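> My structure is below; once you've seen it, I'll send some questions.
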Amino acid sequence: MQFPSFIAKRIRHNEAGSFSATVSRIGVASIAVGVAVGIIAFAVLLGFKQTIQQKIFLFGAHINISSFSIGNTYEEGPIPLKNAVSDALPKIPEIKRWQTVAHKSGILKTPEEIKGIILKGVGEDYDWDAFKSSLKDGNLISRKDSSSIKYGYSSEILISRKVAAQLRLKTGDDVILYTLQNPPRPRKLNISGIYDTQMEEFDNNLVIGDLALVQRLNGWGPDSIGTYEVYLKDFEKLDEVSDRLKMILPPSVYLQKVTSSFPQIFDWLILLDRNTAVFLTLILFVACFNMISILLVMIMERTPLIGLLKTLGSPNKQIRRVFLRVGLYMVRRGLIIGNAVGLLFCWIQYHFKLISLDPVNYYMDTVPIVFDWPIFLMVNIITIVISGLILLIPTLIITKIQPIRALLFKK
């Protein structure tokens with residue numbers, strides 16, 4: 001066994017019942033709290049970002065490409081299904097997939113209530129997998145129902161739980177859709193399902209229907225659509241891909257990023273990142289300050305030992321390594337305890353959802369958790385590196401201790 005490791009081990013074993021034993025526990029606790037808070041903070045932050053982005057991406061693709069429209073911004077002009085856009089999208093390897101949709105303003109009317117809505121028509125290429133988690137009642141739209149055979153489009157629609165409550169509708173009920181055109185063209189539609197994203201931007205007025213229905217209402221043919229919804233393989237490359245698309249798309253189309261469509265939400269997410277960074281910095285600063293104070297106490301309590309080691313010929317570097325190992329031992333214990341506490345809390349919240357939230361303010365009803373192991377590993381590595389560097393500071397006092405005075409030192 002190396003000499004510094006041997007002395008450090010003896011110091012740890014002999015400190016039971018001493019004052020330094022108490023402060024060392026405080027040091028371990030401070031490191032444990034810092035690591036646990038870091039793990040929990042990142043798990044919750046990533047959970048918030050992932051959950052909110054998933055909700056936004058249900059109805060707002062990474063990139064929307066539509067034709068320029070004048071007047072009503074909720075509706076688009078027709079774009080041929082086969083055009084310069086459809087030719088350009090396969091040439092961008094960062095694009096994961098795209099789907100065609102169209103929007104139409106209208107009013108849903110029941111015998112007692114009316115409600116202004118935006119009908120979003122989706123086609124057979126629409127990805128329902130992500131939407132299924134928000135479907136709370138009923139079924140998705142079927143294009144094999146009797147109305148599809150009779151009229152060429154499905155009369156089934158999906159409405160939000162909020163719209164259903166306002167219009168007093170439930171799954172299976174019929175409702176009349178009036179579109180804003182002259183003459184009015186009412187359509188009798190059937191509620192096939194009810195969804196709930198807990199985001200007012202969508203739940204207040206968005207209704208999902210068949211793309212063929214919107215095409216019929218607009219007088220378009222089956223080869224015309226309103227918008228290309230484009231999804232990327234890596235959302236972090238949104239600006240890069242958008243700039244590339246703007247260079248190759250014709251001037252007759254309009255490209256809009258999801259960050260521009262919902263700027264308040266993405267600004268809020270950026271603010272969460274900054275707040276978390278500041279909070280974790282303060283926690284780490286307090287933990288490191290505690291470690292400096294604790295190691296100083298341990299050095300002062302072991303002053304006679306330091307004097308004896310210097311008398312026997314131990315260099316300052318070797319004695320500093322002794323107390324550095326003692327400090328790193330506390331850091332190691334703190335890391336083990338902090339990881340155990342942080343991961344246990346995250347596991348309990350992930351499975352049992354004990355902490356609830358107000359969906360009006362947070363867009364979700366429970367605190368979300370995401371287990372990002374590389375991030376958790378980064379928290380541990382940063383704690384070890386910073387703690388190791390900080391622990392070098394108090395050991396500098398060892399170089400100032402004179403052997404004769406140290407041997408006469410009284411605690």
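Starting from 1 in every chain, residues are counted up; chains themselves are A, B, ... following the order of the structure tokens, and ligands are numbered from 1 as listed.
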When DSSP is applied to the backbone of this structure, which of segment 106-244 of chain A are assigned helix (DSSP H, G or I)? Write them out as a PyMOL selection string.
chain A and resi 131-134+146-151+161-167+200-203+211-218+235-244
> Determine, counting only C-alpha atoms, which protein, DNA and RNA residues have an atom within 9 Å of an atom of Asp173 of chain A; residues of the same chain fewer than 5 positions away are not included. Present the result as a PyMOL selection string.
chain A and resi 189-192
> Between A:Leu169, A:Asp196, A:Thr399, A:Leu45, which has the minimum distance to Leu271 of chain A (counting only C-alpha atoms)?
A:Leu45
> Find the residues near Asp125 of chain A: any atom within 10 Å, counting only C-alpha atoms, skip ones fewer than 3 places away on the same chain, and give them as a list in words.
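Here the qualifying residues turn out to be Arg97, Trp98, Gln99, Thr100, Val101, Val122 and Trp128 of chain A.
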> Would you save the residues of that selection, restricted to C-alpha atoms, as a compact mmCIF listing (two decimals), in the first residue's frame?

# COMPACT_ATOMS: atom_id res chain seq x y z
CA ARG A 97 -40.30 12.40 -42.76
CA TRP A 98 -43.02 14.77 -43.95
CA GLN A 99 -46.79 14.70 -44.22
CA THR A 100 -49.44 16.71 -46.05
CA VAL A 101 -52.26 18.59 -44.31
CA VAL A 122 -54.84 14.99 -42.37
CA TRP A 128 -50.79 8.78 -35.50
> Rounded to one decimal, what separation in Å do you get between atom CA of Ser67 of chain A and atom CA of Glu240 of chain A?
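Going from atom CA of Ser67 of chain A over to atom CA of Glu240 of chain A, I get 21.4 Å.
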> Let me make sure I understand: among A:Ile248, A:Leu108, A:Ala164, A:Ile56, which one has the smallest atom-to-atom distance to Tyr195 of chain A if we use only C-alpha atoms?
A:Ala164
